[in-house]
$ cat input.cif   # mmCIF, C-alpha atoms
data_upload
loop_
_atom_site.label_atom_id
_atom_site.label_comp_id
_atom_site.auth_asym_id
_atom_site.auth_seq_id
_atom_site.Cartn_x
_atom_site.Cartn_y
_atom_site.Cartn_z
CA MET A 1 29.62 12.31 -1.10
CA GLN A 2 28.02 15.72 -0.65
CA LEU A 3 26.82 17.69 -3.65
CA HIS A 4 28.06 21.04 -2.37
CA LEU A 5 31.55 19.62 -1.74
CA SER A 6 31.74 18.02 -5.19
CA THR A 7 32.63 19.32 -8.65
CA TRP A 8 30.39 18.97 -11.67
CA THR A 9 32.77 16.42 -13.14
CA GLU A 10 32.50 14.29 -10.00
CA VAL A 11 28.71 14.45 -10.19
CA GLU A 12 28.85 13.48 -13.86
CA ALA A 13 30.97 10.46 -12.96
CA TYR A 14 28.58 9.54 -10.12
CA LEU A 15 25.61 9.56 -12.52
CA LYS A 16 27.27 6.84 -14.58
CA LYS A 17 26.97 4.57 -11.53
CA SER A 18 23.75 5.74 -9.89
CA GLN A 19 20.82 8.04 -10.57
CA GLY A 20 19.84 8.22 -6.92
CA ILE A 21 20.22 11.21 -4.61
CA ILE A 22 19.32 11.80 -0.97
CA LEU A 23 17.81 15.16 -0.03
CA PRO A 24 17.59 16.03 3.69
CA ILE A 25 14.63 18.21 4.55
CA GLY A 26 13.63 19.65 7.90
CA SER A 27 12.28 22.83 9.41
CA THR A 28 13.31 25.92 11.33
CA GLU A 29 10.82 26.08 14.16
CA GLN A 30 10.47 26.24 17.93
CA HIS A 31 11.08 23.04 19.86
CA SER A 32 10.14 24.10 23.41
CA PRO A 33 12.45 26.01 25.79
CA ILE A 34 14.95 23.12 25.57
CA GLY A 35 14.95 22.02 21.94
CA LEU A 36 16.94 23.83 19.26
CA ILE A 37 15.04 25.79 16.61
CA GLY A 38 16.98 23.92 13.93
CA THR A 39 16.21 20.47 15.39
CA ASP A 40 14.33 19.04 12.39
CA ALA A 41 16.92 20.10 9.84
CA ILE A 42 19.86 19.10 12.08
CA CYS A 43 18.47 15.58 12.54
CA ALA A 44 17.61 15.08 8.87
CA GLU A 45 21.01 16.29 7.69
CA ALA A 46 23.03 14.17 10.11
CA ILE A 47 21.08 11.02 9.36
CA ALA A 48 21.23 11.67 5.60
CA ARG A 49 25.01 11.96 5.77
CA GLY A 50 25.18 8.71 7.69
CA VAL A 51 23.00 6.99 5.10
CA GLY A 52 25.12 8.46 2.33
CA GLU A 53 28.29 7.07 3.86
CA ALA A 54 26.70 3.64 4.32
CA THR A 55 25.30 3.43 0.79
CA GLN A 56 27.77 5.56 -1.21
CA ALA A 57 24.90 7.83 -2.19
CA LEU A 58 25.16 11.48 -3.16
CA ILE A 59 23.69 13.86 -0.56
CA GLY A 60 22.04 17.05 -1.76
CA PRO A 61 21.87 20.34 0.16
CA THR A 62 19.63 20.37 3.21
CA ILE A 63 16.29 22.12 2.81
CA ASN A 64 16.32 23.84 6.21
CA VAL A 65 12.99 25.67 6.07
CA GLY A 66 9.81 23.64 5.73
CA MET A 67 6.07 24.00 6.35
CA ALA A 68 5.76 25.18 9.95
CA LEU A 69 3.17 27.95 9.78
CA HIS A 70 1.48 26.74 12.98
CA HIS A 71 4.69 27.45 14.94
CA THR A 72 5.13 31.05 13.76
CA ALA A 73 3.68 32.59 16.94
CA PHE A 74 6.96 31.57 18.61
CA PRO A 75 10.01 33.82 17.99
CA GLY A 76 12.62 32.38 15.64
CA THR A 77 10.35 30.13 13.59
CA ILE A 78 10.65 30.51 9.82
CA SER A 79 8.17 28.80 7.51
CA LEU A 80 7.31 28.37 3.87
CA ARG A 81 3.71 28.27 2.76
CA PRO A 82 2.73 24.90 1.30
CA SER A 83 2.48 26.42 -2.17
CA THR A 84 5.97 27.94 -1.84
CA MET A 85 7.45 24.69 -0.58
CA ILE A 86 5.95 22.80 -3.50
CA GLN A 87 7.61 25.24 -5.90
CA VAL A 88 10.97 24.95 -4.11
CA VAL A 89 10.95 21.15 -4.19
CA ARG A 90 9.73 21.15 -7.79
CA ASP A 91 12.58 23.42 -8.88
CA TYR A 92 15.18 21.32 -7.04
CA ILE A 93 14.03 18.13 -8.69
CA THR A 94 13.57 19.66 -12.13
CA CYS A 95 17.20 20.79 -12.19
CA LEU A 96 18.47 17.46 -10.94
CA ALA A 97 16.26 15.45 -13.29
CA LYS A 98 17.59 17.42 -16.24
CA ALA A 99 21.08 16.38 -15.15
CA GLY A 100 20.07 12.71 -15.14
CA PHE A 101 18.91 11.94 -11.60
CA SER A 102 15.73 9.90 -11.37
CA LYS A 103 15.45 8.58 -7.78
CA PHE A 104 14.88 11.23 -5.13
CA TYR A 105 14.93 10.04 -1.51
CA PHE A 106 13.89 12.75 0.95
CA ILE A 107 15.03 12.09 4.51
CA ASN A 108 12.57 14.19 6.46
CA GLY A 109 12.76 15.49 10.02
CA HIS A 110 9.43 17.33 10.30
CA GLY A 111 5.94 15.86 10.37
CA GLY A 112 4.47 19.09 9.01
CA ASN A 113 6.34 18.55 5.74
CA ILE A 114 4.78 15.22 4.87
CA ALA A 115 1.51 16.30 3.26
CA THR A 116 3.16 19.11 1.30
CA LEU A 117 5.96 16.84 0.08
CA LYS A 118 3.50 14.27 -1.20
CA ALA A 119 1.54 16.98 -2.99
CA ALA A 120 4.82 18.28 -4.45
CA PHE A 121 5.66 14.86 -5.84
CA SER A 122 2.37 14.76 -7.77
CA GLU A 123 3.04 18.25 -9.13
CA ILE A 124 6.57 17.24 -10.11
CA TYR A 125 5.60 14.15 -12.09
CA ALA A 126 3.12 16.18 -14.15
CA HIS A 127 5.56 19.09 -14.55
CA LEU A 128 8.39 16.91 -15.84
CA GLU A 129 6.05 15.22 -18.32
CA ASP A 130 4.86 18.63 -19.53
CA LEU A 131 8.48 19.71 -20.05
CA GLN A 132 9.09 16.48 -21.97
CA ILE A 133 12.27 15.81 -20.01
CA SER A 134 13.70 12.60 -21.40
CA ASN A 135 13.83 10.68 -18.11
CA ALA A 136 10.49 11.97 -16.77
CA PRO A 137 8.87 8.49 -16.81
CA GLN A 138 11.69 7.15 -14.61
CA VAL A 139 11.55 9.90 -11.97
CA GLN A 140 10.36 8.67 -8.59
CA CYS A 141 10.26 10.45 -5.24
CA GLN A 142 9.96 9.00 -1.77
CA VAL A 143 9.77 10.58 1.67
CA ALA A 144 11.41 8.72 4.56
CA ASN A 145 10.66 10.13 8.00
CA TRP A 146 13.47 9.16 10.34
CA PHE A 147 11.30 9.58 13.44
CA MET A 148 8.81 7.06 12.04
CA CYS A 149 11.37 4.29 11.57
CA SER A 150 10.02 1.24 13.39
CA SER A 151 13.26 0.76 15.33
CA VAL A 152 13.35 4.42 16.37
CA TYR A 153 9.71 4.40 17.43
CA LYS A 154 10.23 1.24 19.49
CA LEU A 155 13.25 2.64 21.33
CA ALA A 156 11.50 5.96 22.02
CA LYS A 157 8.59 4.13 23.63
CA GLU A 158 10.96 1.99 25.69
CA LEU A 159 12.93 5.00 26.94
CA TYR A 160 10.19 7.58 27.37
CA GLY A 161 6.78 5.92 27.23
CA ASP A 162 3.95 8.43 26.93
CA GLN A 163 6.39 11.29 27.59
CA GLU A 164 7.75 10.96 24.04
CA GLY A 165 4.80 13.07 22.87
CA SER A 166 4.57 14.31 19.31
CA HIS A 167 6.57 17.56 19.15
CA ALA A 168 9.76 18.67 20.91
CA THR A 169 10.14 14.99 21.66
CA PRO A 170 12.98 13.68 23.82
CA SER A 171 14.07 11.43 20.93
CA GLU A 172 14.68 14.30 18.51
CA VAL A 173 16.21 16.49 21.22
CA ALA A 174 18.50 13.59 22.18
CA LEU A 175 19.66 13.32 18.59
CA THR A 176 20.57 17.02 18.46
CA GLN A 177 22.43 16.62 21.76
CA TYR A 178 24.49 13.83 20.22
CA ILE A 179 25.23 15.89 17.11
CA TYR A 180 25.85 19.20 18.91
CA PRO A 181 26.80 18.43 22.54
CA GLU A 182 28.10 21.98 22.92
CA ALA A 183 24.58 23.33 22.29
CA ILE A 184 22.67 21.36 24.96
CA LYS A 185 20.12 23.61 26.65
CA GLN A 186 18.66 23.57 30.12
CA ALA A 187 15.44 25.32 31.07
CA PRO A 188 12.59 24.83 33.55
CA LEU A 189 9.55 23.07 32.13
CA SER A 190 6.03 23.22 33.49
CA SER A 191 4.74 20.02 35.10
CA GLU A 192 1.65 20.47 32.94
CA VAL A 193 2.07 19.81 29.23
CA ALA A 194 -0.73 19.99 26.68
CA SER A 195 -1.55 17.22 24.23
CA GLY A 196 -4.30 16.02 21.96
CA HIS A 197 -5.48 19.33 20.49
CA ARG A 198 -6.00 19.65 16.74
CA ILE A 199 -3.63 21.96 14.88
CA TYR A 200 -5.11 25.09 13.35
CA GLY A 201 -3.47 28.51 13.10
CA ALA A 202 -0.37 29.82 14.83
CA THR A 203 -2.16 31.90 17.46
CA ASP A 204 -4.42 29.02 18.43
CA PHE A 205 -1.45 26.64 18.55
CA ARG A 206 0.47 28.81 21.01
CA ARG A 207 -2.64 29.27 23.14
CA ARG A 208 -3.12 25.50 23.38
CA TYR A 209 0.59 24.64 23.63
CA PRO A 210 2.02 27.63 25.53
CA ASP A 211 5.63 26.40 25.80
CA GLY A 212 5.62 24.65 22.42
CA ARG A 213 5.57 21.06 23.65
CA MET A 214 2.97 18.58 22.47
CA GLY A 215 2.72 15.92 25.19
CA SER A 216 6.51 15.59 25.42
CA ASN A 217 9.22 15.80 28.06
CA PRO A 218 12.46 16.74 26.27
CA ALA A 219 14.24 16.97 29.63
CA LEU A 220 14.54 13.17 29.44
CA ALA A 221 16.88 13.40 26.44
CA THR A 222 20.58 12.50 26.67
CA PRO A 223 23.37 12.46 24.06
CA GLU A 224 23.77 8.73 24.70
CA HIS A 225 20.15 8.18 23.70
CA GLY A 226 20.79 10.33 20.64
CA LYS A 227 23.60 8.05 19.49
CA GLN A 228 21.24 5.09 19.72
CA PHE A 229 18.57 6.86 17.67
CA TYR A 230 21.17 7.90 15.10
CA ASP A 231 22.49 4.37 14.62
CA LEU A 232 19.00 2.89 14.32
CA ALA A 233 17.78 5.49 11.85
CA VAL A 234 20.88 5.25 9.66
CA LYS A 235 20.63 1.48 9.49
CA GLU A 236 16.91 1.40 8.70
CA LEU A 237 16.98 4.23 6.17
CA SER A 238 20.09 2.85 4.46
CA ASN A 239 18.14 -0.32 3.77
CA GLY A 240 15.18 1.77 2.66
CA TYR A 241 17.26 3.83 0.27
CA LEU A 242 18.88 0.81 -1.33
CA GLU A 243 15.50 -0.87 -1.81
CA PHE A 244 14.15 2.32 -3.36
CA VAL A 245 17.03 3.10 -5.68
CA ASN A 246 17.44 -0.50 -6.85
CA GLY A 247 13.78 -1.35 -7.16
CA ASP A 248 10.52 0.08 -8.36
CA VAL A 249 9.23 1.64 -5.17
CA SER A 250 7.57 5.04 -5.06
CA GLY A 251 5.84 6.96 -2.31
#
$ encode --input "input.cif" --output "structure tokens"
Amino acid sequence: MQLHLSTWTEVEAYLKKSQGIILPIGSTEQHSPIGLIGTDAICAEAIARGVGEATQALIGPTINVGMALHHTAFPGTISLRPSTMIQVVRDYITCLAKAGFSKFYFINGHGGNIATLKAAFSEIYAHLEDLQISNAPQVQCQVANWFMCSSVYKLAKELYGDQEGSHATPSEVALTQYIYPEAIKQAPLSSEVASGHRIYGATDFRRRYPDGRMGSNPALATPEHGKQFYDLAVKELSNGYLEFVNGDVSG
């Protein structure tokens, strides 16, 4: 059940059964000469829909633009500042909490969002208390990073070893190839790929990672691998969502 394809009466009926909602969040940023700029949002949205189908959860609109300032030296990248992203997430949750939602499960596709999301959650709890929203004490938020699922991580290491890297990875590129086979890209990649440098500003990032890859070889990706990653992530995060929405877990 997707929020944007529902009516307000359907959402009202859903709230009588569950106060949980899944919010996909990703990024719009470069992913090497092979990976799609929308990779992080595409992956998060597809997996969230799969989890929603498996758990009968409501899926909110995908937050397509995240915190990717260090990628902005590459054409096509769009980023929010951390302070802006905190405000966006706060406003989303405030509206939904007022409607009666209390369990917010963010399925995240971008590592750069994690710190900002966790900061946003702290801001949100205080904000809802200040507004004296009736269900403020029950509101809980959790971030679930699909690429950090233990089953996904294990398969990526089995398939790619050290060439999985940490950005523009073959696992995430494979997932986009499974979701959008018509958009598979081919491009020459240098035999030399940088890794291990700390992340600072955008100019420094592009200097250290000239083609956008961080220790990865996305040319190893296949749609068949993507289907495997999809199935594993949906299964693991479905279990995670149900534990979260039915228990007293926060994060």
$ resolve_selection --input "input.cif" --expression "the PyMOL selection byres ((chain A and resi 118-130) around 7)" --output "PyMOL selection string"
chain A and resi 86+89-90+94+114-117+131-133+136+141
$ resolve_selection --input "input.cif" --expression "the PyMOL selection byres ((chain A and resi 35-48) around 8)" --output "PyMOL selection string"
chain A and resi 22-34+49-52+59+62-65+76-77+107-110+146+168+172-173+175-176+179+185+218+230+233-234
$ closest_residue --input "input.cif" --among "A:Gly215, A:Gly100, A:Gly240, A:Pro75" --to "Asp162 of chain A" --atoms "all atoms listed in the file"
A:Gly215
$ resolve_selection --input "input.cif" --expression "the PyMOL selection byres ((chain A and resi 170) around 8)" --output "VMD selection string"
chain A and resid 160 163 to 164 168 to 169 171 to 174 216 to 221
$ atom_distance --input "input.cif" --atom1 "atom CA of Arg213 of chain A" --atom2 "atom CA of Ala194 of chain A"
7.1 Å
$ axis_aligned_box --input "input.cif" --around "segment 146-161 of chain A" --padding-each-side "4 Å" --output "lines of an AutoDock Vina configuration file"
center_x = 10.1
center_y = 5.2
center_z = 18.9
size_x = 14.7
size_y = 16.8
size_z = 25.0
$ closest_residue --input "input.cif" --among "A:Cys95, A:Ile21, A:Leu15, A:Ala73" --to "Gln2 of chain A" --atoms "only C-alpha atoms"
A:Ile21
$ residues_near_point --input "input.cif" --point "(14.4, 10.7, -13.5)" --cutoff "9 Å" --atoms "all atoms listed in the file" --output "VMD selection string"
chain A and resid 19 to 20 93 96 to 104 128 133 to 140
$ closest_residue --input "input.cif" --among "A:Ser151, A:Gln186, A:Ser79, A:Thr7" --to "Lys235 of chain A" --atoms "all atoms listed in the file"
A:Ser151
$ closest_residue --input "input.cif" --among "A:Tyr209, A:Tyr200, A:Phe229, A:Tyr241" --to "His70 of chain A" --atoms "only C-alpha atoms"
A:Tyr200
$ atom_distance --input "input.cif" --atom1 "atom CA of Asp231 of chain A" --atom2 "atom CA of Asn113 of chain A"
23.3 Å
$ atom_distance --input "input.cif" --atom1 "atom CA of Gln142 of chain A" --atom2 "atom CA of Val245 of chain A"
10.0 Å
$ decode --input "input.cif" --residues "segment 108-154 of chain A" --atoms "N, CA and C atoms" --output "PDB file, in the first residue's frame"
ATOM      1  N   ASN A 108      17.022   2.942   4.039  1.00  0.00           N
ATOM      2  CA  ASN A 108      17.993   3.890   3.523  1.00  0.00           C
ATOM      3  C   ASN A 108      18.940   3.245   2.523  1.00  0.00           C
ATOM      4  N   GLY A 109      19.242   3.985   1.452  1.00  0.00           N
ATOM      5  CA  GLY A 109      20.142   3.492   0.421  1.00  0.00           C
ATOM      6  C   GLY A 109      21.457   4.227   0.318  1.00  0.00           C
ATOM      7  N   HIS A 110      21.731   5.157   1.254  1.00  0.00           N
ATOM      8  CA  HIS A 110      22.923   6.005   1.126  1.00  0.00           C
ATOM      9  C   HIS A 110      23.619   6.162   2.468  1.00  0.00           C
ATOM     10  N   GLY A 111      24.876   5.734   2.525  1.00  0.00           N
ATOM     11  CA  GLY A 111      25.622   5.822   3.772  1.00  0.00           C
ATOM     12  C   GLY A 111      25.756   7.235   4.302  1.00  0.00           C
ATOM     13  N   GLY A 112      25.823   8.212   3.393  1.00  0.00           N
ATOM     14  CA  GLY A 112      25.965   9.601   3.814  1.00  0.00           C
ATOM     15  C   GLY A 112      24.748  10.162   4.531  1.00  0.00           C
ATOM     16  N   ASN A 113      23.625   9.426   4.494  1.00  0.00           N
ATOM     17  CA  ASN A 113      22.422   9.892   5.193  1.00  0.00           C
ATOM     18  C   ASN A 113      22.392   9.493   6.662  1.00  0.00           C
ATOM     19  N   ILE A 114      23.197   8.514   7.041  1.00  0.00           N
ATOM     20  CA  ILE A 114      23.010   7.879   8.347  1.00  0.00           C
ATOM     21  C   ILE A 114      23.176   8.855   9.503  1.00  0.00           C
ATOM     22  N   ALA A 115      24.274   9.587   9.534  1.00  0.00           N
ATOM     23  CA  ALA A 115      24.531  10.498  10.649  1.00  0.00           C
ATOM     24  C   ALA A 115      23.459  11.580  10.734  1.00  0.00           C
ATOM     25  N   THR A 116      23.063  12.123   9.580  1.00  0.00           N
ATOM     26  CA  THR A 116      22.062  13.179   9.570  1.00  0.00           C
ATOM     27  C   THR A 116      20.702  12.650   9.999  1.00  0.00           C
ATOM     28  N   LEU A 117      20.354  11.443   9.565  1.00  0.00           N
ATOM     29  CA  LEU A 117      19.082  10.858   9.987  1.00  0.00           C
ATOM     30  C   LEU A 117      19.033  10.674  11.499  1.00  0.00           C
ATOM     31  N   LYS A 118      20.097  10.169  12.073  1.00  0.00           N
ATOM     32  CA  LYS A 118      20.107   9.949  13.514  1.00  0.00           C
ATOM     33  C   LYS A 118      20.020  11.270  14.277  1.00  0.00           C
ATOM     34  N   ALA A 119      20.662  12.300  13.756  1.00  0.00           N
ATOM     35  CA  ALA A 119      20.535  13.623  14.366  1.00  0.00           C
ATOM     36  C   ALA A 119      19.100  14.131  14.226  1.00  0.00           C
ATOM     37  N   ALA A 120      18.494  13.879  13.063  1.00  0.00           N
ATOM     38  CA  ALA A 120      17.104  14.298  12.840  1.00  0.00           C
ATOM     39  C   ALA A 120      16.165  13.638  13.836  1.00  0.00           C
ATOM     40  N   PHE A 121      16.386  12.377  14.116  1.00  0.00           N
ATOM     41  CA  PHE A 121      15.506  11.671  15.053  1.00  0.00           C
ATOM     42  C   PHE A 121      15.527  12.346  16.424  1.00  0.00           C
ATOM     43  N   SER A 122      16.710  12.726  16.885  1.00  0.00           N
ATOM     44  CA  SER A 122      16.808  13.409  18.180  1.00  0.00           C
ATOM     45  C   SER A 122      16.068  14.740  18.155  1.00  0.00           C
ATOM     46  N   GLU A 123      16.215  15.471  17.055  1.00  0.00           N
ATOM     47  CA  GLU A 123      15.498  16.745  16.902  1.00  0.00           C
ATOM     48  C   GLU A 123      13.990  16.511  16.916  1.00  0.00           C
ATOM     49  N   ILE A 124      13.563  15.452  16.249  1.00  0.00           N
ATOM     50  CA  ILE A 124      12.130  15.167  16.106  1.00  0.00           C
ATOM     51  C   ILE A 124      11.495  14.838  17.449  1.00  0.00           C
ATOM     52  N   TYR A 125      12.136  13.992  18.230  1.00  0.00           N
ATOM     53  CA  TYR A 125      11.559  13.633  19.531  1.00  0.00           C
ATOM     54  C   TYR A 125      11.333  14.885  20.384  1.00  0.00           C
ATOM     55  N   ALA A 126      12.329  15.769  20.417  1.00  0.00           N
ATOM     56  CA  ALA A 126      12.197  16.997  21.205  1.00  0.00           C
ATOM     57  C   ALA A 126      11.131  17.913  20.617  1.00  0.00           C
ATOM     58  N   HIS A 127      11.088  18.004  19.292  1.00  0.00           N
ATOM     59  CA  HIS A 127      10.124  18.881  18.617  1.00  0.00           C
ATOM     60  C   HIS A 127       8.690  18.444  18.890  1.00  0.00           C
ATOM     61  N   LEU A 128       8.428  17.151  18.798  1.00  0.00           N
ATOM     62  CA  LEU A 128       7.069  16.653  19.022  1.00  0.00           C
ATOM     63  C   LEU A 128       6.637  16.851  20.481  1.00  0.00           C
ATOM     64  N   GLU A 129       7.572  16.697  21.401  1.00  0.00           N
ATOM     65  CA  GLU A 129       7.264  16.956  22.804  1.00  0.00           C
ATOM     66  C   GLU A 129       6.938  18.426  23.014  1.00  0.00           C
ATOM     67  N   ASP A 130       7.724  19.303  22.372  1.00  0.00           N
ATOM     68  CA  ASP A 130       7.485  20.744  22.502  1.00  0.00           C
ATOM     69  C   ASP A 130       6.114  21.134  21.957  1.00  0.00           C
ATOM     70  N   LEU A 131       5.700  20.457  20.868  1.00  0.00           N
ATOM     71  CA  LEU A 131       4.387  20.742  20.280  1.00  0.00           C
ATOM     72  C   LEU A 131       3.242  20.118  21.081  1.00  0.00           C
ATOM     73  N   GLN A 132       3.607  19.266  22.029  1.00  0.00           N
ATOM     74  CA  GLN A 132       2.623  18.566  22.859  1.00  0.00           C
ATOM     75  C   GLN A 132       1.652  17.738  22.013  1.00  0.00           C
ATOM     76  N   ILE A 133       2.202  17.115  20.969  1.00  0.00           N
ATOM     77  CA  ILE A 133       1.404  16.191  20.163  1.00  0.00           C
ATOM     78  C   ILE A 133       1.070  14.979  21.031  1.00  0.00           C
ATOM     79  N   SER A 134      -0.155  14.546  20.984  1.00  0.00           N
ATOM     80  CA  SER A 134      -0.645  13.559  21.944  1.00  0.00           C
ATOM     81  C   SER A 134       0.149  12.252  21.942  1.00  0.00           C
ATOM     82  N   ASN A 135       0.600  11.808  20.765  1.00  0.00           N
ATOM     83  CA  ASN A 135       1.306  10.526  20.709  1.00  0.00           C
ATOM     84  C   ASN A 135       2.825  10.689  20.686  1.00  0.00           C
ATOM     85  N   ALA A 136       3.319  11.885  21.041  1.00  0.00           N
ATOM     86  CA  ALA A 136       4.761  12.140  21.015  1.00  0.00           C
ATOM     87  C   ALA A 136       5.569  11.109  21.799  1.00  0.00           C
ATOM     88  N   PRO A 137       5.118  10.672  22.986  1.00  0.00           N
ATOM     89  CA  PRO A 137       5.917   9.686  23.728  1.00  0.00           C
ATOM     90  C   PRO A 137       6.018   8.330  23.032  1.00  0.00           C
ATOM     91  N   GLN A 138       5.112   8.040  22.121  1.00  0.00           N
ATOM     92  CA  GLN A 138       5.124   6.750  21.422  1.00  0.00           C
ATOM     93  C   GLN A 138       5.923   6.782  20.120  1.00  0.00           C
ATOM     94  N   VAL A 139       6.283   7.960  19.650  1.00  0.00           N
ATOM     95  CA  VAL A 139       6.964   8.070  18.360  1.00  0.00           C
ATOM     96  C   VAL A 139       8.377   7.501  18.455  1.00  0.00           C
ATOM     97  N   GLN A 140       8.681   6.604  17.543  1.00  0.00           N
ATOM     98  CA  GLN A 140      10.009   6.008  17.435  1.00  0.00           C
ATOM     99  C   GLN A 140      10.420   5.970  15.969  1.00  0.00           C
ATOM    100  N   CYS A 141      11.706   6.208  15.740  1.00  0.00           N
ATOM    101  CA  CYS A 141      12.250   6.198  14.379  1.00  0.00           C
ATOM    102  C   CYS A 141      13.429   5.226  14.323  1.00  0.00           C
ATOM    103  N   GLN A 142      13.541   4.549  13.217  1.00  0.00           N
ATOM    104  CA  GLN A 142      14.667   3.633  13.024  1.00  0.00           C
ATOM    105  C   GLN A 142      15.144   3.740  11.587  1.00  0.00           C
ATOM    106  N   VAL A 143      16.460   3.679  11.402  1.00  0.00           N
ATOM    107  CA  VAL A 143      17.033   3.643  10.060  1.00  0.00           C
ATOM    108  C   VAL A 143      17.547   2.242   9.792  1.00  0.00           C
ATOM    109  N   ALA A 144      17.142   1.691   8.657  1.00  0.00           N
ATOM    110  CA  ALA A 144      17.567   0.349   8.233  1.00  0.00           C
ATOM    111  C   ALA A 144      18.274   0.492   6.890  1.00  0.00           C
ATOM    112  N   ASN A 145      19.556   0.235   6.874  1.00  0.00           N
ATOM    113  CA  ASN A 145      20.367   0.394   5.671  1.00  0.00           C
ATOM    114  C   ASN A 145      20.418  -0.940   4.920  1.00  0.00           C
ATOM    115  N   TRP A 146      19.783  -0.991   3.762  1.00  0.00           N
ATOM    116  CA  TRP A 146      19.670  -2.282   3.074  1.00  0.00           C
ATOM    117  C   TRP A 146      21.038  -2.879   2.759  1.00  0.00           C
ATOM    118  N   PHE A 147      22.006  -2.030   2.438  1.00  0.00           N
ATOM    119  CA  PHE A 147      23.325  -2.507   2.031  1.00  0.00           C
ATOM    120  C   PHE A 147      24.130  -3.031   3.220  1.00  0.00           C
ATOM    121  N   MET A 148      23.638  -2.797   4.437  1.00  0.00           N
ATOM    122  CA  MET A 148      24.307  -3.302   5.629  1.00  0.00           C
ATOM    123  C   MET A 148      23.622  -4.541   6.192  1.00  0.00           C
ATOM    124  N   CYS A 149      22.591  -5.033   5.528  1.00  0.00           N
ATOM    125  CA  CYS A 149      21.973  -6.294   5.950  1.00  0.00           C
ATOM    126  C   CYS A 149      23.054  -7.386   5.951  1.00  0.00           C
ATOM    127  N   SER A 150      23.059  -8.208   6.971  1.00  0.00           N
ATOM    128  CA  SER A 150      24.117  -9.220   7.077  1.00  0.00           C
ATOM    129  C   SER A 150      24.118 -10.169   5.883  1.00  0.00           C
ATOM    130  N   SER A 151      22.926 -10.535   5.404  1.00  0.00           N
ATOM    131  CA  SER A 151      22.842 -11.454   4.265  1.00  0.00           C
ATOM    132  C   SER A 151      23.335 -10.800   2.980  1.00  0.00           C
ATOM    133  N   VAL A 152      23.044  -9.514   2.814  1.00  0.00           N
ATOM    134  CA  VAL A 152      23.508  -8.767   1.642  1.00  0.00           C
ATOM    135  C   VAL A 152      25.018  -8.630   1.673  1.00  0.00           C
ATOM    136  N   TYR A 153      25.541  -8.251   2.828  1.00  0.00           N
ATOM    137  CA  TYR A 153      26.987  -8.073   2.977  1.00  0.00           C
ATOM    138  C   TYR A 153      27.730  -9.375   2.680  1.00  0.00           C
ATOM    139  N   LYS A 154      27.205 -10.482   3.181  1.00  0.00           N
ATOM    140  CA  LYS A 154      27.836 -11.784   2.969  1.00  0.00           C
ATOM    141  C   LYS A 154      27.871 -12.147   1.485  1.00  0.00           C
TER     142      LYS A 154
END
